[in-house]
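Student: Contents of target18.cif (mmCIF, C-alpha atoms and all ligand atoms):
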data_data
#
loop_
_atom_site.label_atom_id
_atom_site.label_comp_id
_atom_site.auth_asym_id
_atom_site.auth_seq_id
_atom_site.Cartn_x
_atom_site.Cartn_y
_atom_site.Cartn_z
CA MET A 1 -136.31 93.90 207.82
CA ASN A 2 -135.58 97.03 209.82
CA ASP A 3 -132.51 99.22 209.26
CA GLU A 4 -130.70 98.00 212.35
CA VAL A 5 -130.95 94.37 211.23
CA LEU A 6 -130.01 95.30 207.68
CA GLU A 7 -126.90 97.08 208.96
CA LYS A 8 -125.85 94.02 210.95
CA TYR A 9 -126.26 91.78 207.91
CA ILE A 10 -124.24 94.18 205.78
CA LYS A 11 -121.47 94.39 208.34
CA ALA A 12 -121.37 90.60 208.78
CA GLY A 13 -121.28 90.24 205.00
CA LYS A 14 -118.44 92.68 204.58
CA ILE A 15 -116.39 90.90 207.25
CA ALA A 16 -117.10 87.43 205.84
CA ALA A 17 -116.15 88.56 202.32
CA GLU A 18 -112.91 90.20 203.47
CA VAL A 19 -111.94 87.18 205.52
CA ARG A 20 -112.75 84.87 202.59
CA GLU A 21 -110.43 86.83 200.29
CA GLN A 22 -107.65 87.12 202.89
CA SER A 23 -107.90 83.40 203.66
CA ALA A 24 -107.61 82.48 199.99
CA LYS A 25 -104.41 84.55 199.78
CA LEU A 26 -103.03 83.09 202.99
CA ALA A 27 -103.51 79.45 201.96
CA LYS A 28 -100.25 78.02 200.60
CA VAL A 29 -98.88 74.59 199.79
CA GLY A 30 -97.33 73.17 202.96
CA MET A 31 -99.55 75.15 205.30
CA PRO A 32 -101.28 73.09 208.00
CA LEU A 33 -105.08 73.34 207.77
CA LEU A 34 -105.18 73.86 211.53
CA GLU A 35 -103.04 76.99 211.25
CA LEU A 36 -105.23 78.32 208.44
CA ALA A 37 -108.44 77.61 210.39
CA GLU A 38 -107.19 79.41 213.47
CA LYS A 39 -106.11 82.41 211.42
CA VAL A 40 -109.44 82.57 209.56
CA GLU A 41 -111.50 82.46 212.74
CA ALA A 42 -109.21 84.99 214.45
CA MET A 43 -109.70 87.36 211.50
CA VAL A 44 -113.49 87.11 211.87
CA ARG A 45 -113.23 87.95 215.57
CA SER A 46 -110.74 90.77 215.22
CA ALA A 47 -112.94 92.37 212.56
CA GLY A 48 -115.73 92.60 215.14
CA ALA A 49 -117.89 89.57 214.29
CA GLU A 50 -118.10 86.02 215.60
CA PRO A 51 -117.69 82.88 213.50
CA ALA A 52 -121.21 81.73 212.57
CA PHE A 53 -119.77 78.22 212.32
CA PRO A 54 -116.27 76.70 212.38
CA VAL A 55 -114.50 77.54 209.12
CA ASN A 56 -114.92 74.59 206.76
CA LEU A 57 -111.64 73.72 205.02
CA SER A 58 -112.58 70.79 202.84
CA LEU A 59 -109.93 69.37 200.50
CA ASN A 60 -110.48 67.65 197.17
CA GLU A 61 -113.19 64.94 197.37
CA PHE A 62 -114.35 66.22 200.76
CA ALA A 63 -117.19 68.57 199.90
CA ALA A 64 -118.04 70.12 203.26
CA HIS A 65 -118.02 69.92 207.06
CA TYR A 66 -114.28 69.38 207.44
CA THR A 67 -112.81 71.67 210.05
CA PRO A 68 -109.43 70.74 211.51
CA GLN A 69 -109.34 68.92 214.83
CA HIS A 70 -107.18 70.46 217.55
CA ASN A 71 -104.36 68.01 216.71
CA ASP A 72 -104.92 67.93 212.92
CA GLU A 73 -101.69 67.50 210.96
CA THR A 74 -103.09 67.78 207.44
CA LYS A 75 -101.14 70.16 205.22
CA ILE A 76 -102.10 71.65 201.90
CA SER A 77 -100.31 69.90 199.06
CA GLY A 78 -99.70 70.70 195.42
CA ASP A 79 -102.65 69.66 193.22
CA ASP A 80 -105.14 70.17 196.07
CA VAL A 81 -108.51 71.86 195.66
CA LEU A 82 -109.44 73.64 198.90
CA LYS A 83 -112.93 74.92 199.71
CA ILE A 84 -112.92 77.71 202.29
CA ASP A 85 -116.44 78.20 203.65
CA VAL A 86 -116.61 81.08 206.16
CA GLY A 87 -119.47 82.29 208.31
CA ALA A 88 -119.55 85.50 210.31
CA HIS A 89 -122.38 86.81 212.42
CA ILE A 90 -123.17 90.03 214.18
CA ASP A 91 -125.69 89.55 216.96
CA GLY A 92 -126.91 86.38 215.23
CA TYR A 93 -127.28 87.86 211.74
CA ILE A 94 -125.26 85.53 209.55
CA ALA A 95 -123.22 85.96 206.39
CA ASP A 96 -122.15 82.68 204.77
CA THR A 97 -119.68 82.65 201.88
CA ALA A 98 -117.26 80.27 200.20
CA ILE A 99 -114.41 80.26 197.72
CA THR A 100 -112.38 77.44 196.20
CA VAL A 101 -108.61 77.72 195.95
CA ASP A 102 -106.73 75.64 193.39
CA PHE A 103 -103.19 74.42 194.01
CA GLY A 104 -103.15 72.31 190.85
CA GLN A 105 -104.79 72.71 187.48
CA HIS A 106 -108.48 72.71 188.14
CA ASP A 107 -109.46 76.03 186.58
CA GLY A 108 -112.46 74.52 184.81
CA LEU A 109 -113.82 72.95 187.98
CA LEU A 110 -113.53 76.23 189.89
CA LYS A 111 -115.09 78.20 187.06
CA ALA A 112 -118.06 75.80 186.94
CA ALA A 113 -119.06 76.64 190.53
CA LYS A 114 -118.39 80.36 190.08
CA ASP A 115 -120.39 80.59 186.85
CA ALA A 116 -123.25 78.67 188.44
CA LEU A 117 -123.29 81.07 191.39
CA ALA A 118 -123.31 84.09 189.10
CA ALA A 119 -126.15 82.65 187.00
CA ALA A 120 -128.18 81.87 190.11
CA VAL A 121 -127.59 85.25 191.78
CA ASP A 122 -128.82 86.95 188.59
CA LEU A 123 -132.24 85.38 189.08
CA VAL A 124 -132.73 86.37 192.71
CA LYS A 125 -135.65 88.72 193.31
CA PRO A 126 -138.99 88.59 195.13
CA GLY A 127 -141.20 86.07 193.33
CA ALA A 128 -138.36 84.10 191.72
CA ALA A 129 -139.03 80.35 191.71
CA ILE A 130 -136.43 78.11 193.37
CA GLY A 131 -136.86 75.64 190.49
CA ASP A 132 -135.57 78.27 188.04
CA ILE A 133 -132.58 79.12 190.23
CA SER A 134 -131.69 75.44 190.58
CA LYS A 135 -131.97 74.94 186.84
CA ALA A 136 -129.60 77.85 186.21
CA ILE A 137 -127.09 76.24 188.60
CA GLU A 138 -127.32 72.81 186.99
CA ASP A 139 -127.14 74.21 183.46
CA ALA A 140 -124.08 76.34 184.19
CA ILE A 141 -122.21 73.43 185.77
CA ARG A 142 -123.11 70.95 183.03
CA ASN A 143 -122.25 73.47 180.31
CA SER A 144 -118.77 73.66 181.86
CA GLY A 145 -118.45 69.88 181.53
CA PHE A 146 -118.92 69.06 185.22
CA VAL A 147 -121.62 67.55 187.40
CA PRO A 148 -123.63 69.39 190.10
CA VAL A 149 -123.70 67.77 193.54
CA GLU A 150 -127.34 66.72 193.85
CA ASN A 151 -127.59 66.38 197.62
CA LEU A 152 -126.02 69.66 198.71
CA THR A 153 -128.16 72.78 198.68
CA GLY A 154 -128.24 76.47 199.34
CA HIS A 155 -130.51 77.55 202.16
CA GLY A 156 -132.41 80.26 203.93
CA LEU A 157 -130.84 82.00 206.93
CA ASP A 158 -132.30 83.64 209.99
CA ARG A 159 -131.12 85.08 213.26
CA TYR A 160 -128.95 82.37 214.88
CA VAL A 161 -130.31 79.92 212.30
CA GLU A 162 -127.81 78.66 209.75
CA HIS A 163 -130.21 76.49 207.75
CA LYS A 164 -133.90 77.05 207.20
CA GLU A 165 -136.28 76.89 204.28
CA PRO A 166 -136.01 77.28 201.40
CA SER A 167 -133.53 74.61 200.33
CA ILE A 168 -131.99 75.66 197.05
CA PRO A 169 -130.90 72.50 195.22
CA ASN A 170 -128.03 72.45 192.76
CA ILE A 171 -130.04 70.37 190.32
CA ALA A 172 -133.17 71.28 188.38
CA LEU A 173 -136.04 69.83 190.37
CA ARG A 174 -139.59 70.98 190.00
CA ASN A 175 -139.97 73.50 192.79
CA ASP A 176 -142.61 76.21 192.86
CA TYR A 177 -141.47 77.79 196.13
CA ARG A 178 -141.00 81.49 195.46
CA LEU A 179 -138.62 83.90 197.15
CA SER A 180 -140.12 86.75 199.07
CA ASP A 181 -139.00 90.27 199.89
CA GLY A 182 -136.71 90.49 202.91
CA GLN A 183 -135.70 86.81 202.93
CA VAL A 184 -132.01 86.05 203.45
CA ILE A 185 -130.60 83.17 201.42
CA ALA A 186 -127.26 81.54 200.75
CA ILE A 187 -126.70 80.06 197.31
CA GLU A 188 -123.88 77.53 197.13
CA PRO A 189 -123.30 75.54 193.95
CA PHE A 190 -120.98 72.53 194.25
CA ALA A 191 -119.43 71.13 191.06
CA THR A 192 -117.52 67.87 190.69
CA ASN A 193 -115.84 65.58 188.19
CA GLY A 194 -117.28 62.67 190.19
CA VAL A 195 -120.84 61.31 190.17
CA GLY A 196 -122.47 64.31 191.81
CA HIS A 197 -123.46 62.80 195.12
CA VAL A 198 -121.92 63.15 198.58
CA LYS A 199 -121.96 60.62 201.39
CA ASP A 200 -121.41 60.91 205.12
CA THR A 201 -118.03 59.73 206.39
CA PRO A 202 -117.57 58.45 209.95
CA GLU A 203 -115.65 61.59 210.86
CA VAL A 204 -117.47 64.32 212.77
CA MET A 205 -115.78 67.59 213.63
CA ILE A 206 -118.79 69.94 213.82
CA PHE A 207 -121.86 69.86 216.07
CA SER A 208 -124.75 72.09 217.01
CA PHE A 209 -127.19 72.21 219.90
CA SER A 210 -130.46 70.49 219.06
CA ALA A 211 -132.64 70.06 222.16
CA ASP A 212 -132.41 70.16 225.93
CA LYS A 213 -132.61 66.55 227.13
CA PRO A 214 -131.35 64.75 230.21
CA VAL A 215 -127.80 63.41 230.08
CA ARG A 216 -125.99 61.14 232.48
CA SER A 217 -122.36 62.18 232.72
CA MET A 218 -121.01 65.31 234.33
CA ASP A 219 -118.75 65.89 231.31
CA ALA A 220 -121.75 65.88 228.99
CA LYS A 221 -123.60 68.29 231.28
CA ARG A 222 -120.63 70.65 231.33
CA ILE A 223 -120.28 70.62 227.56
CA ALA A 224 -124.02 71.11 227.04
CA SER A 225 -123.92 74.15 229.28
CA TYR A 226 -120.72 75.53 227.68
CA VAL A 227 -122.08 75.36 224.12
CA ALA A 228 -125.20 77.34 225.06
CA ARG A 229 -123.04 80.39 224.17
CA TYR A 230 -123.33 79.51 220.47
CA ASN A 231 -127.12 79.96 220.54
CA GLY A 232 -127.70 76.92 218.39
CA LEU A 233 -125.06 77.79 215.79
CA PRO A 234 -122.56 75.07 214.84
CA PHE A 235 -119.33 74.68 216.81
CA ALA A 236 -116.17 72.59 216.44
CA GLU A 237 -114.84 69.86 218.67
CA ARG A 238 -111.62 71.91 218.43
CA TRP A 239 -113.34 74.84 220.13
CA LEU A 240 -114.01 72.64 223.17
CA LEU A 241 -110.29 72.01 223.61
CA SER A 242 -109.41 75.67 223.98
CA GLU A 243 -108.05 77.27 227.12
CA GLU A 244 -111.30 79.23 227.49
CA ALA A 245 -113.38 76.05 227.38
CA ARG A 246 -111.09 74.37 229.91
CA GLN A 247 -111.47 77.29 232.28
CA SER A 248 -115.23 77.02 231.93
CA GLY A 249 -115.17 73.43 233.13
CA VAL A 250 -114.98 71.53 229.83
CA PRO A 251 -112.80 68.44 230.43
CA ASP A 252 -109.15 68.92 229.54
CA SER A 253 -108.91 65.60 227.73
CA LEU A 254 -109.66 64.74 224.12
CA PHE A 255 -110.90 61.32 225.17
CA ARG A 256 -113.39 62.71 227.69
CA VAL A 257 -114.59 65.41 225.30
CA ARG A 258 -115.17 62.79 222.59
CA MET A 259 -117.03 60.45 224.96
CA ALA A 260 -119.23 63.31 226.14
CA LEU A 261 -119.93 64.48 222.58
CA ARG A 262 -120.91 60.94 221.65
CA GLU A 263 -123.32 60.78 224.58
CA LEU A 264 -124.81 64.17 223.71
CA VAL A 265 -125.39 63.11 220.10
CA GLN A 266 -126.90 59.77 221.16
CA ARG A 267 -129.25 61.54 223.57
CA GLY A 268 -130.34 63.99 220.88
CA VAL A 269 -128.92 67.02 222.68
CA LEU A 270 -126.48 67.70 219.87
CA TYR A 271 -126.80 67.41 216.15
CA SER A 272 -123.68 66.18 214.32
CA TYR A 273 -122.42 67.13 210.88
CA PRO A 274 -120.36 64.30 209.41
CA VAL A 275 -117.65 65.20 206.92
CA LEU A 276 -119.17 64.81 203.44
CA ARG A 277 -117.23 63.03 200.71
CA GLU A 278 -117.96 62.78 197.01
CA ALA A 279 -119.24 59.26 196.37
CA LYS A 280 -116.69 58.43 193.64
CA ALA A 281 -113.95 60.57 195.20
CA GLY A 282 -114.37 63.24 192.53
CA MET A 283 -112.77 66.63 193.07
CA VAL A 284 -115.30 69.16 194.35
CA SER A 285 -115.46 72.96 193.97
CA GLN A 286 -117.83 75.39 195.69
CA ALA A 287 -118.77 79.05 195.49
CA GLU A 288 -121.22 80.79 197.82
CA HIS A 289 -122.79 84.14 198.54
CA THR A 290 -125.42 85.36 201.00
CA ILE A 291 -128.11 87.55 199.51
CA ILE A 292 -130.93 89.67 200.89
CA VAL A 293 -133.89 89.22 198.58
CA ARG A 294 -135.25 92.58 197.46
CA ASP A 295 -136.23 94.28 194.23
CA GLU A 296 -132.60 95.39 194.27
CA PRO A 297 -131.06 92.28 195.87
CA ILE A 298 -128.11 92.89 198.19
CA ILE A 299 -125.25 90.41 197.87
CA ILE A 300 -123.87 91.02 201.33
CA THR A 301 -120.74 88.86 200.80
CA LYS A 302 -119.70 90.37 197.48
CO CO A 401 -124.09 77.86 203.37
#
How does this structure look as structure tokens?
Tutor:
Amino acid sequence: MNDEVLEKYIKAGKIAAEVREQSAKLAKVGMPLLELAEKVEAMVRSAGAEPAFPVNLSLNEFAAHYTPQHNDETKISGDDVLKIDVGAHIDGYIADTAITVDFGQHDGLLKAAKDALAAAVDLVKPGAAIGDISKAIEDAIRNSGFVPVENLTGHGLDRYVEHKEPSIPNIALRNDYRLSDGQVIAIEPFATNGVGHVKDTPEVMIFSFSADKPVRSMDAKRIASYVARYNGLPFAERWLLSEEARQSGVPDSLFRVRMALRELVQRGVLYSYPVLREAKAGMVSQAEHTIIVRDEPIIITK
């Protein structure tokens, strides 16, 4: 990694970390998730980065991929557990970080994810085996009396690529893949008091561009061309209902946007990220950092 790229990662990391901490302070009982999401993403932009993906604000048994719709009326309530997963990028170099905020009495659940992240980060260096990192995550969560979510993983990152190899599972699986110098990875333990498995729900709020393929409707064509600006990074349905999108020819109607998104997913132009829910509706906590693998690893989102 050259110095220019390193600098961009460090700047993206600093912004993502600051926004994460500010967002956690801003979140209050009674606050609409939509208001929080808009503030979080505005903070990323005003700090000089772009959101690497729509901020994920997943409550309670929803583990990930919930970002408010443009007309979302959900408010934070007492006893909620809110995961704030923020991504910021500079010129495509992504920092991905998450924190869990507790509005009830879930200290243990939050600590389980945080301890697991700390244990995992401690092991990061060139040559470290993914299997050992995963085991450290599982052990830390189980030792806290909770269950790791088996089908959510940390991941490698690259320029304009939010998920690439290696996958870093939250459970101890045999895995001899070894980290190498200069790799960028996100480690994100998820802990739950449920069964430790998440399932897709029918709700989809986040999409990304997958492949250029022919589509029939003009609305779908317009949306496909509008989202090219995200360079393959995930975007929200909500982002398509902005004034800027409307002025760029995206239909000014929720119904038409939804129909076009459905067509684009069916045609394989877009990839969809369904909201993920814990299988037994357990409460879920998450903690996440992005790290540059080196002899002296750099936790860019610290
Ligand atoms: Co991530």
Student: Using all atoms listed in the file, which residues of the polymer chains come no farther than 6 Å from ligand CO 401 (chain A)? I'd like the answer as an NGL selection string.
Tutor: :A and (96 or 154 or 186)
Student: So, with only C-alpha atoms as the atoms that count, which of A:Gly108, A:Gly92, A:Pro297, A:Pro274 lies closest to Lys199 of chain A?
Tutor: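 Looking only at the distances to Lys199 of chain A, the closest residue turns out to be A:Pro274.
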Student: Check the smallest atom-to-atom distance from each of A:Arg294, A:His70, A:Lys8, A:His155 to Ile168 of chain A using all atoms listed in the file, then report the winner.
Tutor: A:His155
Student: Check the smallest atom-to-atom distance from each of A:Arg258, A:Arg45, A:Arg267, A:Lys28 to Val81 of chain A using all atoms listed in the file, then report the winner.
Tutor: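 Of A:Arg258, A:Arg45, A:Arg267, A:Lys28, the one nearest Val81 of chain A is A:Lys28, counting all atoms listed in the file.
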Student: Check the smallest atom-to-atom distance from each of A:Ile185, A:Met205, A:Ala129, A:Leu109 to Gly282 of chain A using only C-alpha atoms, then report the winner.
Tutor: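 Of the candidates, the smallest distance to Gly282 of chain A is held by A:Leu109.
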Student: Just the number, please: distance in Å from atom CA of Phe62 of chain A to atom CA of Arg277 of chain A, one decimal.
Tutor: 4.3 Å
Student: From the set A:Lys14, A:Arg229, A:Arg142, A:Lys114, which residue has the shortest atom-to-atom contact distance to Gly196 of chain A, counting all atoms listed in the file?
Tutor: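 Comparing A:Lys14, A:Arg229, A:Arg142, A:Lys114 against Gly196 of chain A, the winner is A:Arg142.
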Student: Find the residue from A:Gly87, A:Gly78, A:Gly30, A:Pro54 that sits nearest to Ala17 of chain A; use all atoms listed in the file when measuring.
Tutor: A:Gly87
Student: Could you check how far atom CA of Ile187 of chain A sits from atom CA of Ala136 of chain A, in Å to one decimal?
Tutor: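 Computing the Euclidean distance for atom CA of Ile187 of chain A and atom CA of Ala136 of chain A yields 11.7 Å.
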Student: How big is the axis-aligned box, and where does its centre sit, when it encloses all atoms of segment 260-277 of chain A listed in the file and has 4 Å added on every side, reported in Å to one decimal as AutoDock Vina command-line options?
Tutor:
--center_x -123.8 --center_y 63.7 --center_z 213.4 --size_x 21.1 --size_y 15.9 --size_z 33.4
Student: Give me the residues within 9 Å of Val19 of chain A as a list of chain:residue names, counting all atoms listed in the file and dropping any in the same chain fewer than 5 places off.
Tutor: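 Result of the neighbour search: A:Lys14, A:Ala24, A:Val40, A:Glu41, A:Met43, A:Val44, A:Ala47, A:Val86.
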Student: Could you pull the residues within 12 Å of Ser23 of chain A, counting all atoms listed in the file, minus those fewer than 5 positions along the same chain, as a short mmCIF file (atom, residue, chain, number, x, y, z; two decimals) with C-alpha atoms, in the coordinates of the input?
Tutor:
data_model
loop_
_atom_site.label_atom_id
_atom_site.label_comp_id
_atom_site.auth_asym_id
_atom_site.auth_seq_id
_atom_site.Cartn_x
_atom_site.Cartn_y
_atom_site.Cartn_z
CA ILE A 15 -116.39 90.90 207.25
CA ALA A 16 -117.10 87.43 205.84
CA ALA A 17 -116.15 88.56 202.32
CA GLU A 18 -112.91 90.20 203.47
CA LYS A 28 -100.25 78.02 200.60
CA MET A 31 -99.55 75.15 205.30
CA LEU A 33 -105.08 73.34 207.77
CA GLU A 35 -103.04 76.99 211.25
CA LEU A 36 -105.23 78.32 208.44
CA ALA A 37 -108.44 77.61 210.39
CA GLU A 38 -107.19 79.41 213.47
CA LYS A 39 -106.11 82.41 211.42
CA VAL A 40 -109.44 82.57 209.56
CA GLU A 41 -111.50 82.46 212.74
CA ALA A 42 -109.21 84.99 214.45
CA MET A 43 -109.70 87.36 211.50
CA VAL A 44 -113.49 87.11 211.87
CA VAL A 55 -114.50 77.54 209.12
CA ASN A 56 -114.92 74.59 206.76
CA LEU A 57 -111.64 73.72 205.02
CA LEU A 82 -109.44 73.64 198.90
CA LYS A 83 -112.93 74.92 199.71
CA ILE A 84 -112.92 77.71 202.29
CA ASP A 85 -116.44 78.20 203.65
CA VAL A 86 -116.61 81.08 206.16
CA THR A 97 -119.68 82.65 201.88
CA ALA A 98 -117.26 80.27 200.20
CA ILE A 99 -114.41 80.26 197.72
CA THR A 100 -112.38 77.44 196.20
CA VAL A 101 -108.61 77.72 195.95
#
Student: Figure out the distance between atom CA of Lys164 of chain A and atom CA of Leu261 of chain A, please, to one decimal in Å.
Tutor: 24.3 Å
